[in-house]
Amino acid sequence: MEFRLLGPFEACHDGRPVEIASRRQERCLLALLLLDLGHPVTIDRLIGLLWNGDAPASARGAVYTYVGRLRATLSPYGVRITTRADGYLVEADEHRVDVTDFHRTVQRALELADPAARAGLLDDALRLWRGALLADVADETLRHRLDGQVDEARLVAVEARAEAQLALGKHPRVAKDLADLATRHPLRERLVGLLMTAHYRAARQADALLLYEATRQALATELGVDPGPDLQELHRRILRNDPRLDQPRRAVYEVRVRDETLPWTVGGHPALDFCNTYAGWGLSTPLPGAEWLRGYRTFAVWSGYLGLVDDPTVSRLLTLADRDPVEAGQTLAEAWTLRSHVYACLRGHADNAAFDAVARAAEAAAKTLEYTRDETGGGRWRPSLAAGLRLPLHAAAWSAAELLADPRRLTVRSCTQSHCRWLFLDEAGMRRWCSLVTCAG
């Protein structure tokens with residue numbers, strides 16, 4: 001079955017609408033289970049959400065009754081609600097939930113480098129949006145408790161689509177799409193900046209400047225602050241008729257190497273920057289765009305950018321990846337897993353399994369090492385090209401092993417910003433942020 005929760009609750013089977021339950025509470029309970037499709041939800045959590053902390057004495061019995069009715073209604077359509085300990089789950093099977101599809105499609109889109117492909121996928125994701133989450137069965141408080149980031153994810157998707165459209169020269173559509181949103185979200189500077197750029201490219205400089213002034217006044221009134229440096233710089237460029245505004249804007253923490261987008265190096269050690277290729281470590285549900293190592297090509301180029309391999313080796317790796325994309329994908333998946341283990345070790349809360357995983361990876365890397373002369377005339381250990389596509393993985397593992405054996409590991413700190421949590425060396429013990437440019441407040 002297909003369940004639609006973005007907007008009024010709907011259910012479809014073979015493309016035809018299905019009436020699930022006439023009672024709002026029953027539809028809401030089913031939605032709660034669907035938001036955790038394939039995972040159990042405890043009865044206590046269901047009661048807390050359905051009655052918002054003010055449950056009657058009969059609440060548990062009411063939940064039993066609701067589940068019984070839902071089972072009877074959904075069973076003919078192959079939907080199974082099973083009991084697990086003190087809770088229930090809807091078995092995933094082949095069922096679809098639009099919220100899950102939305103988040104997954106946005107994430108896929110943000111991993112694409114091509115602006116046309118990215119805009120197309122984001123269009124697909126945003127078409128799923130028919131209104132507020134569970135518009136007919138949940139109030140604003142419940143919506144926030146259920147999925148507080150879904151609205152944020154939608155705005156991120158809209159902004160990312162606008163950014164891609166600007167790169168494609170579609171500024172008239174950006175101006176149309178963002179006009180109402182900018183009015184409703186005057187404090188959202190990225191959105192305002194995109195709309196200002198669209199106005200400027202459409203020869204509407206005055207509209208862009210008026211929008212900036214309105215945002216400046218809103219920020220001063222609501223928060224007592226000035227616009228951020230990015231928006232101020234955009235304002236100055238519009239005043240100067242800067243020709244660079246006709247080019248796509250990039251985030252300050254992006255680096256372009258061989259047409260790959262890489263994160264700024266702020267860690268002070270390759271092993272830390274390996275962890276930092278995934279932003280938002282501190283969030284239970286990371287925001288879209290957190291992943292930097294989106295493909296094997298990026299992994300190979302990043303390894304060269306960090307100096308783990310030399311430039312001719314990077315070229316060789318890119319050729320090998322084109323010939324064997326399956327093995328390249330498998331190597332990238334192993335790199336993601338290794339990265340999580342390295343992060344756990346460097347944050348000081350790793351269990352033995354995480355450390356053992358890093359150790360085994362480092363031992364495998366050691367078997368491929370060769371001692372070569374570097375650019376300064378000195379020597380260094382590097383994985384041999386005999387490692388093939390696994391060479392960047394071995395290089396990252398060996399770098400992590402070196403840092404874990406170095407006393408400097410005790411000075412590793414995490415950026416205090418919840419959207420970041422990148423790691424960096426702080427031997428002075430005085431830093432709180434990974435970079436004063438991107439995170440310091």
# chains A, B, ... in the order shown; residues from 1 in each chain; ligands from 1
>>> residues_around(residues="Ala396 in chain A", least_positions_apart="6", cutoff="8 Å", atoms="only C-alpha atoms", output="VMD selection string")
chain A and resid 270 to 271 274 303 308
>>> write_last_selection(atoms="C-alpha atoms", output="PDB file, in the first residue's frame")
ATOM      1  CA  PRO A 270      43.993  13.624   7.635  1.00  0.00           C
ATOM      2  CA  ALA A 271      42.213  11.181   9.959  1.00  0.00           C
ATOM      3  CA  PHE A 274      38.290  11.887   6.978  1.00  0.00           C
ATOM      4  CA  SER A 303      42.584  11.529  -0.875  1.00  0.00           C
ATOM      5  CA  LEU A 308      47.338  10.762   1.182  1.00  0.00           C
TER       6      LEU A 308
END
>>> residues_around(residues="range 197-210 of chain A", least_positions_apart="6", cutoff="8 Å", atoms="only C-alpha atoms", output="mmCIF file with C-alpha atoms, in the first residue's frame")
data_model
loop_
_atom_site.group_PDB
_atom_site.id
_atom_site.type_symbol
_atom_site.label_atom_id
_atom_site.label_comp_id
_atom_site.auth_asym_id
_atom_site.auth_seq_id
_atom_site.Cartn_x
_atom_site.Cartn_y
_atom_site.Cartn_z
ATOM 1 C CA LEU A 166 20.186 29.489 -10.778
ATOM 2 C CA HIS A 171 16.224 32.802 -12.399
ATOM 3 C CA PRO A 172 12.632 33.712 -13.417
ATOM 4 C CA VAL A 174 13.435 30.956 -8.787
ATOM 5 C CA ALA A 175 11.896 34.397 -8.312
ATOM 6 C CA HIS A 235 24.343 43.084 -0.951
ATOM 7 C CA ILE A 238 24.639 43.949 -6.062
ATOM 8 C CA LEU A 245 26.853 37.393 -9.560
ATOM 9 C CA ASP A 246 26.107 35.824 -12.916
#
>>> atom_distance(atom1="CA of Ala179 in chain A", atom2="CA of Pro227 in chain A")
18.9 Å
>>> atom_distance(atom1="CA of Leu146 in chain A", atom2="CA of Thr82 in chain A")
21.0 Å
>>> residues_around(residues="range 363-370 of chain A", least_positions_apart="2", cutoff="8 Å", atoms="only C-alpha atoms", output="PyMOL selection string")
chain A and resi 359-361+372+381-384+386-387+394-395+397-398
>>> residues_around(residues="Gly268 in chain A", least_positions_apart="6", cutoff="9 Å", atoms="only C-alpha atoms", output="MDAnalysis selection string")
chainID A and resid 423:426
>>> select_by_dssp(residues="range 109-158 of chain A", states="alpha helix (DSSP H)", output="JSON, numbers by chain")
{"A": [109, 110, 115, 116, 117, 118, 119, 120, 121, 122, 123, 124, 125, 126, 127, 140, 141, 142, 143, 144, 145, 146, 147, 150, 151, 152, 153, 154, 155, 156, 157, 158]}
>>> select_by_dssp(residues="range 39-109 of chain A", states="strand (DSSP E or B)", output="PyMOL selection string")
chain A and resi 41-42+81-84+87-90+96-97
>>> decode(residues="range 99-140 of chain A", atoms="N, CA and C atoms", output="compact mmCIF listing (two decimals), in the first residue's frame")
# COMPACT_ATOMS: atom_id res chain seq x y z
N VAL A 99 6.57 10.35 3.47
CA VAL A 99 7.57 11.07 4.26
C VAL A 99 8.95 10.43 4.07
N THR A 100 8.98 9.10 4.12
CA THR A 100 10.24 8.38 3.92
C THR A 100 10.77 8.62 2.51
N ASP A 101 9.87 8.54 1.52
CA ASP A 101 10.29 8.78 0.13
C ASP A 101 10.81 10.19 -0.04
N PHE A 102 10.18 11.15 0.64
CA PHE A 102 10.60 12.54 0.53
C PHE A 102 12.03 12.71 1.05
N HIS A 103 12.28 12.25 2.27
CA HIS A 103 13.62 12.39 2.84
C HIS A 103 14.67 11.67 1.99
N ARG A 104 14.34 10.47 1.52
CA ARG A 104 15.30 9.69 0.73
C ARG A 104 15.61 10.39 -0.60
N THR A 105 14.58 10.92 -1.25
CA THR A 105 14.79 11.57 -2.55
C THR A 105 15.59 12.86 -2.40
N VAL A 106 15.30 13.62 -1.36
CA VAL A 106 16.08 14.85 -1.11
C VAL A 106 17.55 14.50 -0.89
N GLN A 107 17.81 13.48 -0.08
CA GLN A 107 19.19 13.09 0.18
C GLN A 107 19.89 12.68 -1.10
N ARG A 108 19.22 11.89 -1.93
CA ARG A 108 19.82 11.47 -3.21
C ARG A 108 20.13 12.68 -4.08
N ALA A 109 19.21 13.63 -4.11
CA ALA A 109 19.40 14.82 -4.94
C ALA A 109 20.61 15.62 -4.49
N LEU A 110 20.76 15.79 -3.19
CA LEU A 110 21.86 16.60 -2.67
C LEU A 110 23.21 15.93 -2.86
N GLU A 111 23.21 14.66 -3.20
CA GLU A 111 24.47 13.95 -3.46
C GLU A 111 24.89 14.06 -4.92
N LEU A 112 24.06 14.66 -5.77
CA LEU A 112 24.37 14.78 -7.19
C LEU A 112 25.11 16.07 -7.48
N ALA A 113 26.12 15.99 -8.33
CA ALA A 113 26.88 17.19 -8.70
C ALA A 113 26.22 17.95 -9.84
N ASP A 114 25.53 17.24 -10.73
CA ASP A 114 24.93 17.88 -11.90
C ASP A 114 23.69 18.67 -11.49
N PRO A 115 23.65 19.98 -11.74
CA PRO A 115 22.51 20.79 -11.28
C PRO A 115 21.18 20.40 -11.91
N ALA A 116 21.20 19.96 -13.18
CA ALA A 116 19.95 19.57 -13.83
C ALA A 116 19.37 18.32 -13.18
N ALA A 117 20.23 17.32 -12.93
CA ALA A 117 19.76 16.10 -12.28
C ALA A 117 19.30 16.39 -10.85
N ARG A 118 20.04 17.27 -10.18
CA ARG A 118 19.68 17.61 -8.80
C ARG A 118 18.32 18.32 -8.75
N ALA A 119 18.11 19.27 -9.64
CA ALA A 119 16.84 19.99 -9.68
C ALA A 119 15.68 19.05 -10.01
N GLY A 120 15.92 18.11 -10.92
CA GLY A 120 14.87 17.17 -11.28
C GLY A 120 14.44 16.30 -10.12
N LEU A 121 15.41 15.76 -9.37
CA LEU A 121 15.07 14.93 -8.22
C LEU A 121 14.37 15.74 -7.14
N LEU A 122 14.82 16.96 -6.92
CA LEU A 122 14.18 17.80 -5.91
C LEU A 122 12.75 18.16 -6.31
N ASP A 123 12.52 18.33 -7.61
CA ASP A 123 11.14 18.51 -8.08
C ASP A 123 10.28 17.30 -7.71
N ASP A 124 10.84 16.10 -7.92
CA ASP A 124 10.11 14.88 -7.59
C ASP A 124 9.78 14.84 -6.09
N ALA A 125 10.75 15.21 -5.27
CA ALA A 125 10.53 15.18 -3.82
C ALA A 125 9.47 16.19 -3.40
N LEU A 126 9.55 17.39 -3.92
CA LEU A 126 8.64 18.45 -3.50
C LEU A 126 7.22 18.23 -4.03
N ARG A 127 7.07 17.44 -5.09
CA ARG A 127 5.73 17.11 -5.56
C ARG A 127 4.97 16.23 -4.57
N LEU A 128 5.72 15.54 -3.69
CA LEU A 128 5.07 14.71 -2.67
C LEU A 128 4.42 15.56 -1.58
N TRP A 129 4.78 16.81 -1.52
CA TRP A 129 4.33 17.69 -0.44
C TRP A 129 2.95 18.26 -0.78
N ARG A 130 1.91 17.78 -0.07
CA ARG A 130 0.55 18.26 -0.29
C ARG A 130 0.07 19.18 0.82
N GLY A 131 0.92 19.42 1.82
CA GLY A 131 0.56 20.26 2.94
C GLY A 131 1.32 19.83 4.18
N ALA A 132 0.94 20.39 5.32
CA ALA A 132 1.62 20.09 6.57
C ALA A 132 1.46 18.61 6.92
N LEU A 133 2.42 18.07 7.62
CA LEU A 133 2.39 16.67 8.04
C LEU A 133 1.10 16.37 8.80
N LEU A 134 0.34 15.38 8.31
CA LEU A 134 -0.92 14.95 8.93
C LEU A 134 -1.84 16.15 9.19
N ALA A 135 -2.10 16.89 8.15
CA ALA A 135 -2.84 18.15 8.29
C ALA A 135 -4.21 17.98 8.92
N ASP A 136 -4.84 16.81 8.72
CA ASP A 136 -6.21 16.64 9.21
C ASP A 136 -6.31 15.85 10.50
N VAL A 137 -5.18 15.33 11.01
CA VAL A 137 -5.28 14.52 12.23
C VAL A 137 -4.33 14.98 13.34
N ALA A 138 -3.44 15.91 13.09
CA ALA A 138 -2.47 16.34 14.09
C ALA A 138 -2.44 17.85 14.19
N ASP A 139 -2.21 18.36 15.41
CA ASP A 139 -2.04 19.80 15.58
C ASP A 139 -0.55 20.13 15.47
N GLU A 140 -0.22 21.42 15.58
CA GLU A 140 1.16 21.86 15.37
C GLU A 140 2.11 21.24 16.40
